[in-house]
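The data block below is data.csv; it holds CSV, C-alpha atoms.
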```
chain,number,residue,atom,x,y,z
A,1,MET,CA,-4.7,2.3,16.0
A,2,VAL,CA,-5.4,0.5,12.7
A,3,SER,CA,-6.6,2.6,9.7
A,4,ILE,CA,-8.9,0.5,7.5
A,5,ILE,CA,-8.9,2.0,3.9
A,6,VAL,CA,-12.0,1.0,1.9
A,7,PRO,CA,-12.3,2.1,-1.7
A,8,VAL,CA,-16.0,2.3,-2.6
A,9,TYR,CA,-17.3,2.3,-6.2
A,10,ASN,CA,-20.9,1.3,-6.8
A,11,ALA,CA,-20.9,-1.2,-3.9
A,12,ALA,CA,-24.4,-0.5,-2.5
A,13,LEU,CA,-25.3,-4.2,-2.6
A,14,TYR,CA,-22.3,-5.2,-0.5
A,15,LEU,CA,-21.2,-2.2,1.7
A,16,GLU,CA,-23.4,-3.0,4.7
A,17,ARG,CA,-22.1,-6.6,4.8
A,18,CYS,CA,-18.5,-5.3,4.6
A,19,MET,CA,-19.0,-2.6,7.3
A,20,ALA,CA,-20.6,-5.2,9.6
A,21,SER,CA,-17.4,-7.1,9.6
A,22,LEU,CA,-15.2,-4.0,10.1
A,23,LEU,CA,-17.3,-2.6,13.0
A,24,GLY,CA,-17.4,-6.1,14.6
A,25,GLN,CA,-13.6,-6.6,14.9
A,26,THR,CA,-12.3,-7.9,18.2
A,27,TYR,CA,-9.5,-5.4,17.8
A,28,GLY,CA,-11.5,-2.2,18.5
A,29,ASN,CA,-9.0,0.6,18.1
A,30,THR,CA,-9.7,1.3,14.5
A,31,GLU,CA,-10.7,4.1,12.1
A,32,ILE,CA,-12.5,3.3,8.9
A,33,LEU,CA,-11.9,5.5,5.9
A,34,LEU,CA,-14.5,5.1,3.2
A,35,ILE,CA,-13.3,6.5,-0.1
A,36,ASP,CA,-16.4,7.0,-2.3
A,37,ASP,CA,-14.8,7.0,-5.8
A,38,GLY,CA,-17.6,8.7,-7.7
A,39,SER,CA,-20.3,6.1,-7.1
A,40,THR,CA,-23.6,6.5,-8.9
A,41,ASP,CA,-25.7,3.8,-7.2
A,42,GLY,CA,-26.3,5.3,-3.8
A,43,SER,CA,-23.1,4.0,-2.2
A,44,GLY,CA,-22.1,7.6,-1.2
A,45,GLY,CA,-25.3,8.0,0.8
A,46,ILE,CA,-24.7,4.7,2.6
A,47,CYS,CA,-21.1,5.8,3.4
A,48,ASP,CA,-22.5,9.1,4.9
A,49,ASP,CA,-25.1,7.2,6.9
A,50,PHE,CA,-22.3,5.1,8.5
A,51,ALA,CA,-20.2,8.2,9.3
A,52,GLY,CA,-23.2,9.8,10.9
A,53,ARG,CA,-23.8,6.8,13.2
A,54,TYR,CA,-20.2,5.8,14.0
A,55,GLY,CA,-17.5,8.3,15.1
A,56,LYS,CA,-14.7,6.0,13.9
A,57,VAL,CA,-16.0,6.2,10.3
A,58,ARG,CA,-14.8,9.0,7.9
A,59,VAL,CA,-16.0,9.5,4.4
A,60,PHE,CA,-14.2,11.1,1.4
A,61,HIS,CA,-16.2,11.7,-1.8
A,62,THR,CA,-14.1,12.0,-5.0
A,63,SER,CA,-14.7,11.9,-8.7
A,64,ASN,CA,-14.1,8.5,-10.3
A,65,ALA,CA,-10.4,8.0,-10.5
A,66,GLY,CA,-9.9,4.3,-9.9
A,67,VAL,CA,-9.0,2.1,-7.0
A,68,SER,CA,-5.4,3.1,-6.8
A,69,SER,CA,-6.2,6.8,-6.5
A,70,ALA,CA,-8.8,5.9,-3.8
A,71,ARG,CA,-6.2,3.9,-1.8
A,72,ASN,CA,-3.6,6.7,-2.2
A,73,LEU,CA,-6.1,9.2,-0.8
A,74,GLY,CA,-6.6,6.8,2.1
A,75,LEU,CA,-2.9,6.7,2.7
A,76,GLU,CA,-2.7,10.5,2.8
A,77,GLU,CA,-5.6,10.8,5.2
A,78,CYS,CA,-5.1,7.8,7.6
A,79,GLY,CA,-3.8,8.4,11.1
A,80,GLY,CA,-3.2,4.9,12.5
A,81,THR,CA,0.1,3.3,13.5
A,82,TYR,CA,-1.0,0.4,11.2
A,83,LEU,CA,-3.1,0.4,8.0
A,84,THR,CA,-4.9,-2.2,5.9
A,85,PHE,CA,-6.9,-2.3,2.7
A,86,VAL,CA,-10.3,-3.9,2.3
A,87,ASP,CA,-12.4,-4.1,-0.8
A,88,ALA,CA,-16.0,-3.0,-0.3
A,89,ASP,CA,-17.5,-6.3,-1.3
A,90,ASP,CA,-15.3,-8.4,1.0
A,91,VAL,CA,-15.5,-9.2,4.7
A,92,LEU,CA,-13.0,-9.8,7.5
A,93,ALA,CA,-13.2,-12.6,10.1
A,94,GLU,CA,-13.9,-10.9,13.4
A,95,ASP,CA,-10.4,-11.5,14.8
A,96,MET,CA,-8.3,-10.8,11.6
A,97,LEU,CA,-7.0,-7.4,12.7
A,98,GLU,CA,-6.2,-8.7,16.2
A,99,HIS,CA,-4.3,-11.6,14.7
A,100,LEU,CA,-2.3,-9.4,12.3
A,101,VAL,CA,-1.5,-6.8,14.9
A,102,ARG,CA,-0.2,-9.5,17.2
A,103,MET,CA,2.0,-11.0,14.4
A,104,ILE,CA,3.5,-7.7,13.4
A,105,GLU,CA,4.2,-6.6,17.0
A,106,GLU,CA,5.6,-10.0,18.2
A,107,GLU,CA,7.9,-10.3,15.2
A,108,ASN,CA,8.6,-6.5,14.9
A,109,GLY,CA,7.9,-6.7,11.2
A,110,ASP,CA,6.8,-4.2,8.6
A,111,VAL,CA,4.0,-6.2,6.9
A,112,ALA,CA,1.9,-9.0,8.3
A,113,GLY,CA,-0.3,-11.1,6.0
A,114,CYS,CA,-2.7,-14.0,6.3
A,115,GLY,CA,-4.7,-16.3,4.0
A,116,TYR,CA,-8.2,-15.8,2.6
A,117,PHE,CA,-11.3,-17.7,2.0
A,118,GLU,CA,-13.7,-17.3,-0.9
A,119,PHE,CA,-17.5,-17.0,-0.6
A,120,ARG,CA,-20.5,-16.5,-2.9
A,121,VAL,CA,-23.8,-15.0,-2.1
A,122,GLU,CA,-27.1,-14.8,-3.9
A,123,GLU,CA,-28.1,-11.2,-3.4
A,124,ARG,CA,-31.8,-11.9,-3.7
A,125,ASN,CA,-31.4,-13.9,-0.4
A,126,LYS,CA,-29.5,-11.1,1.3
A,127,GLU,CA,-31.3,-9.8,4.4
A,128,LYS,CA,-31.0,-6.3,5.8
A,129,THR,CA,-28.6,-6.3,8.7
A,130,ALA,CA,-29.6,-4.7,12.0
A,131,ASP,CA,-27.0,-2.7,14.1
A,132,LYS,CA,-26.9,-5.3,16.8
A,133,GLU,CA,-25.7,-7.9,14.2
A,134,TYR,CA,-22.6,-6.0,13.2
A,135,ALA,CA,-20.3,-8.3,15.1
A,136,GLN,CA,-21.0,-11.0,12.5
A,137,PRO,CA,-20.4,-10.5,8.7
A,138,PRO,CA,-23.8,-11.5,7.3
A,139,GLY,CA,-24.2,-13.0,3.9
A,140,THR,CA,-21.2,-15.3,4.0
A,141,GLY,CA,-23.3,-18.4,4.6
A,142,GLY,CA,-21.7,-18.9,8.0
A,143,LEU,CA,-18.3,-19.5,6.4
A,144,ARG,CA,-15.8,-18.2,8.9
A,145,PRO,CA,-12.5,-20.0,8.7
A,146,GLY,CA,-10.6,-17.6,11.0
A,147,THR,CA,-8.3,-19.5,13.3
A,148,GLY,CA,-6.4,-16.5,14.7
A,149,GLY,CA,-6.9,-17.6,18.3
A,150,LEU,CA,-5.1,-20.9,17.6
A,151,ARG,CA,-1.8,-19.2,17.0
A,152,PRO,CA,-1.0,-20.9,13.6
A,153,GLU,CA,2.6,-21.2,12.5
A,154,VAL,CA,4.2,-17.9,11.5
A,155,GLU,CA,6.8,-17.4,8.7
A,156,VAL,CA,9.2,-14.4,8.7
A,157,LEU,CA,10.7,-13.4,5.4
A,158,CYS,CA,13.1,-10.6,4.4
A,159,GLY,CA,12.0,-8.5,1.5
A,160,MET,CA,13.5,-10.5,-1.4
A,161,GLU,CA,12.5,-13.8,0.2
A,162,PHE,CA,9.0,-12.5,0.1
A,163,ALA,CA,9.5,-11.5,-3.5
A,164,GLU,CA,10.6,-15.1,-4.3
A,165,HIS,CA,8.2,-17.1,-2.2
A,166,GLY,CA,5.3,-14.7,-2.1
A,167,ILE,CA,5.0,-12.3,-5.1
A,168,LEU,CA,6.5,-14.7,-7.6
A,169,ARG,CA,4.3,-17.5,-6.2
A,170,SER,CA,0.9,-15.7,-6.6
A,171,ASP,CA,0.8,-13.7,-3.3
A,172,THR,CA,0.3,-10.3,-5.1
A,173,ARG,CA,-2.7,-9.0,-3.2
A,174,CYS,CA,-2.4,-5.9,-1.1
A,175,TRP,CA,-5.5,-6.9,0.9
A,176,SER,CA,-5.4,-9.5,3.7
A,177,LYS,CA,-2.3,-7.7,5.0
A,178,LEU,CA,-1.5,-5.2,7.7
A,179,TYR,CA,1.2,-2.5,7.2
A,180,ARG,CA,3.1,-0.3,9.5
A,181,ARG,CA,2.3,3.2,8.3
A,182,GLU,CA,5.9,4.4,8.8
A,183,SER,CA,7.2,1.4,6.7
A,184,VAL,CA,4.9,2.4,3.8
A,185,GLY,CA,6.1,6.0,4.1
A,186,SER,CA,5.7,7.9,0.9
A,187,LEU,CA,5.2,4.8,-1.3
A,188,ARG,CA,1.9,4.9,-3.3
A,189,PHE,CA,0.0,2.9,-5.8
A,190,ASP,CA,0.5,3.6,-9.5
A,191,ALA,CA,-2.7,5.3,-10.4
A,192,GLY,CA,-2.1,4.7,-14.1
A,193,LEU,CA,-2.7,0.9,-13.7
A,194,THR,CA,-6.0,-0.9,-13.0
A,195,ILE,CA,-4.6,-4.4,-12.8
A,196,GLY,CA,-1.3,-5.4,-11.1
A,197,GLU,CA,-0.9,-2.2,-9.0
A,198,ASP,CA,-1.1,-4.4,-5.9
A,199,MET,CA,1.9,-6.5,-7.0
A,200,LEU,CA,4.1,-3.5,-7.8
A,201,PHE,CA,3.3,-1.9,-4.5
A,202,LEU,CA,4.4,-5.1,-2.6
A,203,LEU,CA,7.4,-5.5,-4.8
A,204,ASP,CA,8.6,-2.0,-4.0
A,205,LEU,CA,8.2,-2.7,-0.3
A,206,ALA,CA,10.2,-5.9,-0.7
A,207,MET,CA,12.9,-4.1,-2.6
A,208,GLN,CA,13.2,-1.6,0.2
A,209,GLY,CA,14.1,-4.4,2.5
A,210,LYS,CA,11.0,-4.5,4.5
A,211,GLN,CA,10.3,-7.6,6.7
A,212,PHE,CA,7.2,-9.7,5.9
A,213,ILE,CA,5.4,-12.0,8.3
A,214,ARG,CA,2.7,-14.4,7.1
A,215,SER,CA,0.6,-17.2,8.4
A,216,GLY,CA,-1.9,-19.7,7.1
A,217,TYR,CA,-4.7,-18.2,9.2
A,218,GLN,CA,-7.7,-17.5,6.8
A,219,GLY,CA,-8.9,-14.1,8.0
A,220,TYR,CA,-10.0,-12.3,4.9
A,221,GLY,CA,-13.2,-13.2,3.1
A,222,TYR,CA,-13.0,-12.7,-0.7
A,223,TYR,CA,-16.3,-12.3,-2.5
A,224,VAL,CA,-16.3,-14.1,-5.8
A,225,ASN,CA,-18.4,-11.8,-7.9
A,226,GLU,CA,-19.6,-13.6,-11.0
A,227,ASN,CA,-20.0,-10.2,-12.6
A,228,GLY,CA,-16.6,-9.0,-11.5
A,229,ALA,CA,-14.2,-7.3,-13.9
A,230,MET,CA,-11.8,-10.2,-14.2
A,231,LEU,CA,-14.6,-12.5,-15.3
A,232,ARG,CA,-15.9,-10.3,-18.1
A,233,GLY,CA,-14.9,-10.0,-21.7
A,234,PHE,CA,-11.8,-8.2,-23.0
A,235,LYS,CA,-11.2,-4.6,-21.9
A,236,ASP,CA,-8.2,-2.4,-23.0
A,237,SER,CA,-7.2,-2.2,-19.3
A,238,TYR,CA,-6.4,-5.9,-19.3
A,239,MET,CA,-3.1,-5.0,-21.0
A,240,ASP,CA,-2.1,-3.5,-17.6
A,241,GLN,CA,-1.3,-7.0,-16.3
A,242,ILE,CA,1.4,-7.3,-19.0
A,243,THR,CA,2.6,-3.8,-18.3
A,244,CYS,CA,3.0,-4.4,-14.6
A,245,TRP,CA,4.9,-7.6,-15.0
A,246,GLN,CA,7.2,-6.0,-17.6
A,247,ARG,CA,8.0,-3.3,-14.9
A,248,ALA,CA,8.5,-6.0,-12.3
A,249,LEU,CA,10.8,-7.9,-14.6
A,250,GLU,CA,12.9,-4.7,-15.1
A,251,LYS,CA,13.2,-4.3,-11.4
A,252,ILE,CA,14.2,-7.9,-10.8
A,253,GLU,CA,16.7,-7.9,-13.6
A,254,GLY,CA,18.3,-4.8,-12.2
A,255,LEU,CA,18.7,-6.5,-8.8
A,256,GLU,CA,20.0,-9.7,-10.3
A,257,SER,CA,22.6,-7.9,-12.3
A,258,LEU,CA,23.9,-6.5,-9.0
A,259,GLY,CA,23.8,-9.9,-7.4
A,260,LYS,CA,21.2,-8.9,-4.9
A,261,VAL,CA,18.6,-11.6,-5.7
A,262,LYS,CA,18.8,-15.3,-6.1
A,263,ALA,CA,19.6,-16.6,-9.6
A,264,GLY,CA,16.5,-17.8,-11.4
A,265,LEU,CA,14.0,-15.2,-10.2
A,266,THR,CA,14.2,-13.5,-13.6
A,267,GLU,CA,13.1,-16.6,-15.3
A,268,ARG,CA,10.2,-17.0,-12.9
A,269,ALA,CA,9.1,-13.4,-13.6
A,270,GLU,CA,9.4,-13.9,-17.3
A,271,ALA,CA,7.2,-17.0,-17.1
A,272,ILE,CA,4.6,-15.0,-15.2
A,273,LEU,CA,4.8,-12.4,-17.9
A,274,VAL,CA,4.2,-15.1,-20.6
A,275,ILE,CA,1.2,-16.4,-18.6
A,276,SER,CA,-0.2,-12.9,-18.4
A,277,ALA,CA,0.1,-12.5,-22.1
A,278,MET,CA,-1.6,-15.8,-22.7
A,279,LEU,CA,-4.5,-14.8,-20.4
A,280,VAL,CA,-5.0,-11.7,-22.4
A,281,VAL,CA,-4.8,-13.7,-25.7
A,282,GLY,CA,-7.7,-15.8,-24.3
A,283,LYS,CA,-9.8,-12.7,-23.8
A,284,LEU,CA,-9.0,-11.5,-27.3
A,285,ALA,CA,-9.8,-14.8,-28.8
A,286,LEU,CA,-13.4,-14.6,-27.6
A,287,LEU,CA,-14.1,-11.3,-29.4
A,288,SER,CA,-15.9,-11.2,-32.7
A,289,GLY,CA,-13.8,-11.1,-35.8
A,290,LYS,CA,-14.5,-7.4,-36.3
A,291,GLU,CA,-13.8,-6.6,-32.6
A,292,ARG,CA,-10.6,-8.6,-32.7
A,293,LYS,CA,-9.4,-6.8,-35.8
A,294,GLY,CA,-9.9,-3.5,-34.0
A,295,LYS,CA,-7.7,-4.7,-31.1
A,296,ALA,CA,-4.9,-6.1,-33.4
A,297,GLN,CA,-2.3,-4.0,-31.7
A,298,PHE,CA,-2.9,-5.7,-28.4
A,299,GLY,CA,-2.6,-9.1,-30.0
A,300,GLU,CA,0.7,-8.1,-31.6
A,301,GLN,CA,2.0,-7.0,-28.1
A,302,CYS,CA,1.0,-10.3,-26.6
A,303,TYR,CA,2.6,-12.3,-29.4
A,304,ALA,CA,5.8,-10.3,-29.0
A,305,VAL,CA,6.0,-11.2,-25.3
A,306,VAL,CA,5.4,-14.9,-25.9
A,307,LYS,CA,7.8,-15.0,-28.8
A,308,LYS,CA,10.5,-13.2,-26.8
A,309,TYR,CA,10.3,-15.2,-23.6
A,310,GLY,CA,8.2,-18.3,-24.2
A,311,GLY,CA,11.0,-20.3,-25.9
A,312,LYS,CA,13.7,-19.6,-23.3
A,313,ARG,CA,14.7,-22.8,-21.6
A,314,GLY,CA,14.5,-21.5,-18.1
A,315,VAL,CA,11.1,-19.9,-18.7
A,316,PHE,CA,9.7,-23.0,-20.3
A,317,ARG,CA,10.7,-25.0,-17.2
A,318,GLU,CA,8.7,-22.6,-15.0
A,319,LEU,CA,5.5,-23.3,-17.0
A,320,ASP,CA,3.2,-26.2,-16.2
A,321,ARG,CA,2.4,-28.7,-18.9
A,322,GLY,CA,-0.8,-27.0,-19.9
A,323,TYR,CA,0.9,-23.6,-20.5
A,324,ARG,CA,3.8,-25.3,-22.3
A,325,ILE,CA,1.4,-26.7,-24.9
A,326,LYS,CA,-0.5,-23.4,-25.2
A,327,VAL,CA,2.7,-21.4,-25.7
A,328,ARG,CA,4.1,-23.8,-28.3
A,329,VAL,CA,0.8,-23.7,-30.3
A,330,TYR,CA,0.3,-20.0,-30.1
A,331,GLU,CA,4.0,-19.2,-30.9
A,332,ARG,CA,3.8,-21.3,-34.1
A,333,ALA,CA,0.2,-20.5,-35.2
A,334,PRO,CA,-1.4,-17.7,-33.3
A,335,GLU,CA,-4.6,-17.6,-35.4
A,336,VAL,CA,-5.1,-21.4,-35.1
A,337,TYR,CA,-4.6,-21.2,-31.4
A,338,MET,CA,-7.3,-18.5,-31.1
A,339,VAL,CA,-9.8,-20.5,-33.1
A,340,LEU,CA,-9.1,-23.6,-31.0
A,341,TYR,CA,-9.5,-21.5,-27.8
A,342,ARG,CA,-12.9,-20.2,-29.0
A,343,LEU,CA,-14.1,-23.7,-29.9
A,344,ARG,CA,-12.9,-25.2,-26.5
A,345,THR,CA,-14.5,-22.3,-24.5
A,346,GLY,CA,-17.8,-22.7,-26.4
A,347,TRP,CA,-17.8,-26.5,-25.8
A,348,LYS,CA,-17.2,-26.0,-22.1
A,349,GLU,CA,-20.0,-23.5,-21.8
A,350,ARG,CA,-22.5,-25.8,-23.6
A,351,ARG,CA,-21.4,-28.7,-21.4
A,352,SER,CA,-21.9,-26.7,-18.2
A,353,LYS,CA,-25.5,-26.1,-19.2
A,354,LEU,CA,-26.4,-29.8,-19.7
```
Could you quickly redo this structure as structure tokens?
Amino acid sequence: MVSIIVPVYNAALYLERCMASLLGQTYGNTEILLIDDGSTDGSGGICDDFAGRYGKVRVFHTSNAGVSSARNLGLEECGGTYLTFVDADDVLAEDMLEHLVRMIEEENGDVAGCGYFEFRVEERNKEKTADKEYAQPPGTGGLRPGTGGLRPEVEVLCGMEFAEHGILRSDTRCWSKLYRRESVGSLRFDAGLTIGEDMLFLLDLAMQGKQFIRSGYQGYGYYVNENGAMLRGFKDSYMDQITCWQRALEKIEGLESLGKVKAGLTERAEAILVISAMLVVGKLALLSGKERKGKAQFGEQCYAVVKKYGGKRGVFRELDRGYRIKVRVYERAPEVYMVLYRLRTGWKERRSKL
């Protein structure tokens, strides 16, 4: 059985669409755990309605503690041989679970992962879904890139190979993956982080020597929410992406010092840390002068990271040309960089409206 863990927080607009895809999986031996994380928009009632109609759906109502706590609760309560995580505004291609179960069993792996596709939906055009339509994820505009039945090429990686070719090359998502529950064991998400907890969870699995299998099959539908957290202005929690990569760097440095990882991985992790700091700097740059002054400590933390790692030769090589220029300007004149960033962002916004 596959346990599908779905954290739900104020997802009333999207939950029926998500559930349609979960209930319509060609791999039918599933349980769905809906973790209502203190929703205030009626999501909890929708969860209860699904549980009342479908025996495979279980609901847990909690006070708002964040997505990591919700996933951790799901890990405690799930009973499947395998488990997967799905965000409440996303969808699965109908054969995604079947494809991942086949991969993990044929290769006797611990984690199986696939690719994803993005979609956008105008909610005003969203139609109510009837029960008989649950085999199809509505609202995705017919976009269904799943190719699981075509048996795409499969890649098998040991833990640190996945760290090198996956985590340190942008595959830091816990979703679009299937896990053996016994392989996860007592490992849990860091509830103190709101950004980057996925990456640390995967890195810990990799460091434990788990075997990862992945394919290019696009089975997970990622909803691009224009109002999503990562597309909004600065929040204090954005500093978590720096914190998580600092922790990852410490782990990788420790392994490298023992000769357990390939030389050069530290520089790659440092480069990602620098990029994370620059992304936060961009958010800070768009604050008003008064707001930015109130967040001065965060700017100082970002500058310290860029100053410490940005000038290292190995790190600089890992950055693309755009980031090399950004880092050099910011390192030498942080206030000038932030002014230029605001002007460029404003120009791009005005141009997009023409």
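Taking only C-alpha atoms into account, A:Leu340 lies nearest to A:Ala285 out of the set A:Ala296, A:Ala285, A:Ile275, A:Leu319.
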Using all atoms listed in the file for the distances, tell me which of A:Met1, A:Ile213, A:Leu205, A:Leu193 is nearest to A:Asp240. A:Leu193
In Å, rounded to a single decimal, give me how far atom CA of A:Leu83 is from atom CA of A:Val57.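 Straight-line distance from atom CA of A:Val57 to atom CA of A:Leu83 works out to 14.3 Å.
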Within 10 Å of stretch 117-121 of chain A, which residues of stretch 203-285 of chain A come that close, and what is the closest atom pair and distance in Å for each? Count only C-alpha atoms and give it as a Markdown table.
```
| residue | atom | partner | partner_atom | distance |
| --- | --- | --- | --- | --- |
| A:Tyr217 | CA | A:Phe117 | CA | 9.8 |
| A:Gln218 | CA | A:Phe117 | CA | 6.0 |
| A:Gly219 | CA | A:Phe117 | CA | 7.4 |
| A:Tyr220 | CA | A:Phe117 | CA | 6.3 |
| A:Gly221 | CA | A:Phe117 | CA | 5.0 |
| A:Tyr222 | CA | A:Glu118 | CA | 4.7 |
| A:Tyr223 | CA | A:Phe119 | CA | 5.2 |
| A:Val224 | CA | A:Arg120 | CA | 5.6 |
| A:Asn225 | CA | A:Arg120 | CA | 7.2 |
| A:Glu226 | CA | A:Arg120 | CA | 8.7 |
```
Write the residues of the preceding selection, restricted to C-alpha atoms, as a short mmCIF file (atom, residue, chain, number, x, y, z; two decimals), keeping the file's coordinate frame.
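Once everything was written out, this is result_1.cif:
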```cif
data_model
loop_
_atom_site.label_atom_id
_atom_site.label_comp_id
_atom_site.auth_asym_id
_atom_site.auth_seq_id
_atom_site.Cartn_x
_atom_site.Cartn_y
_atom_site.Cartn_z
CA TYR A 217 -4.70 -18.20 9.20
CA GLN A 218 -7.70 -17.50 6.80
CA GLY A 219 -8.90 -14.10 8.00
CA TYR A 220 -10.00 -12.30 4.90
CA GLY A 221 -13.20 -13.20 3.10
CA TYR A 222 -13.00 -12.70 -0.70
CA TYR A 223 -16.30 -12.30 -2.50
CA VAL A 224 -16.30 -14.10 -5.80
CA ASN A 225 -18.40 -11.80 -7.90
CA GLU A 226 -19.60 -13.60 -11.00
#
```
Within 7 Å of stretch 4-16 of chain A, counting all atoms listed in the file, which residues qualify if same-chain residues fewer than 6 places away don't, as a list in words?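 Counting all atoms listed in the file, the residues come to Glu31, Ile32, Leu33, Leu34, Ile35, Asp36, Asp37, Gly38, Ser39, Thr40, Asp41, Gly42, Ser43, Val67, Ala70, Arg71, Gly74, Leu83, Thr84, Phe85, Val86, Asp87, Ala88 and Asp89 of chain A.
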How many Å lie between atom CA of A:Gln241 and atom CA of A:Ile272, rounded to one decimal? 10.0 Å
Between A:Gly314, A:Ala191, A:Val2, A:Met338, single out the one closest to A:Ala263, counting only C-alpha atoms. A:Gly314
In Å and to one decimal, atom CA of A:Asp171 is distant from atom CA of A:Val329 by 28.8 Å
Selection near A:Val305, 12 Å with all atoms listed in the file, sequence-local residues under 6 positions removed, as a list in words: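 Near A:Val305, the qualifying residues are Met239, Ile242, Thr243, Trp245, Gln246, Glu270, Ala271, Ile272, Leu273, Val274, Ile275, Ser276, Ala277, Met278, Val280, Val281, Phe298, Gly299, Gly311, Lys312, Val327, Tyr330 and Glu331 of chain A.
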Which residue of A:Gln208, A:Gly233, A:Cys244, A:Asp190 approaches A:Lys260 most closely, using only C-alpha atoms: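 Checking each candidate against A:Lys260, we get A:Gln208 as the closest.
Nearest residue to A:Thr194, choosing from A:Arg169, A:Lys56, A:Lys235, A:Arg342 and counting all atoms listed in the file: A:Lys235.
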With a cut-off of 9 Å, could you pull out the residues of stretch 22-46 of chain A touching stretch 95-109 of chain A and give me the nearest pair of atoms for each, distance in Å to one decimal, using all atoms listed in the file, ordered by chain and ascending number, as CSV?
```
residue,atom,partner,partner_atom,distance
A:Gly24,CA,A:Asp95,CA,8.8
A:Gln25,CA,A:Asp95,CA,5.9
A:Thr26,CA,A:Asp95,CA,5.3
A:Tyr27,CA,A:Glu98,CA,4.9
A:Gly28,CA,A:Glu98,CA,8.7
```
With C-alpha atoms retained, write the just-selected residues as a short mmCIF file (atom, residue, chain, number, x, y, z; two decimals), keeping the file's coordinate frame.
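Result went into selection.cif, see below:
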```cif
data_model
loop_
_atom_site.label_atom_id
_atom_site.label_comp_id
_atom_site.auth_asym_id
_atom_site.auth_seq_id
_atom_site.Cartn_x
_atom_site.Cartn_y
_atom_site.Cartn_z
CA GLY A 24 -17.40 -6.10 14.60
CA GLN A 25 -13.60 -6.60 14.90
CA THR A 26 -12.30 -7.90 18.20
CA TYR A 27 -9.50 -5.40 17.80
CA GLY A 28 -11.50 -2.20 18.50
#
```
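By chain and then residue number, the residues within 10 Å of A:Arg181 are A:Val2, A:Ser3, A:Leu75, A:Cys78, A:Gly79, A:Gly80, A:Thr81, A:Tyr82, A:Leu83, A:Thr84, A:Asp110, A:Val111, counting all atoms listed in the file and disregarding those fewer than 6 positions away in sequence.
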Output stretch 239-243 of chain A as an mmCIF file, in the frame of the given file, making sure all heavy atoms are there.
```
data_model
loop_
_atom_site.group_PDB
_atom_site.id
_atom_site.type_symbol
_atom_site.label_atom_id
_atom_site.label_comp_id
_atom_site.auth_asym_id
_atom_site.auth_seq_id
_atom_site.Cartn_x
_atom_site.Cartn_y
_atom_site.Cartn_z
ATOM 1 N N MET A 239 -4.527 -5.055 -20.595
ATOM 2 C CA MET A 239 -3.100 -5.000 -21.000
ATOM 3 C C MET A 239 -2.238 -4.554 -19.809
ATOM 4 O O MET A 239 -1.018 -4.749 -19.837
ATOM 5 C CB MET A 239 -2.933 -4.039 -22.160
ATOM 6 C CG MET A 239 -3.652 -4.475 -23.439
ATOM 7 S SD MET A 239 -3.123 -6.101 -24.031
ATOM 8 C CE MET A 239 -1.431 -5.765 -24.499
ATOM 9 N N ASP A 240 -2.854 -3.981 -18.774
ATOM 10 C CA ASP A 240 -2.100 -3.500 -17.600
ATOM 11 C C ASP A 240 -1.360 -4.699 -16.931
ATOM 12 O O ASP A 240 -0.292 -4.510 -16.340
ATOM 13 C CB ASP A 240 -3.006 -2.867 -16.586
ATOM 14 C CG ASP A 240 -3.405 -1.462 -16.983
ATOM 15 O OD1 ASP A 240 -2.898 -0.976 -18.012
ATOM 16 O OD2 ASP A 240 -4.232 -0.853 -16.278
ATOM 17 N N GLN A 241 -1.956 -5.912 -16.994
ATOM 18 C CA GLN A 241 -1.300 -7.000 -16.300
ATOM 19 C C GLN A 241 0.006 -7.400 -17.033
ATOM 20 O O GLN A 241 0.936 -7.920 -16.398
ATOM 21 C CB GLN A 241 -2.213 -8.230 -16.204
ATOM 22 C CG GLN A 241 -2.704 -8.850 -17.485
ATOM 23 C CD GLN A 241 -3.730 -9.942 -17.201
ATOM 24 O OE1 GLN A 241 -3.489 -10.841 -16.406
ATOM 25 N NE2 GLN A 241 -4.883 -9.865 -17.847
ATOM 26 N N ILE A 242 0.101 -7.104 -18.315
ATOM 27 C CA ILE A 242 1.400 -7.300 -19.000
ATOM 28 C C ILE A 242 2.330 -6.168 -18.658
ATOM 29 O O ILE A 242 3.506 -6.401 -18.349
ATOM 30 C CB ILE A 242 1.129 -7.337 -20.546
ATOM 31 C CG1 ILE A 242 0.300 -8.567 -20.903
ATOM 32 C CG2 ILE A 242 2.466 -7.348 -21.300
ATOM 33 C CD1 ILE A 242 -0.060 -8.667 -22.364
ATOM 34 N N THR A 243 1.816 -4.929 -18.661
ATOM 35 C CA THR A 243 2.600 -3.800 -18.300
ATOM 36 C C THR A 243 3.265 -3.913 -16.937
ATOM 37 O O THR A 243 4.463 -3.664 -16.736
ATOM 38 C CB THR A 243 1.820 -2.486 -18.390
ATOM 39 O OG1 THR A 243 1.305 -2.318 -19.711
ATOM 40 C CG2 THR A 243 2.658 -1.270 -18.014
#
```
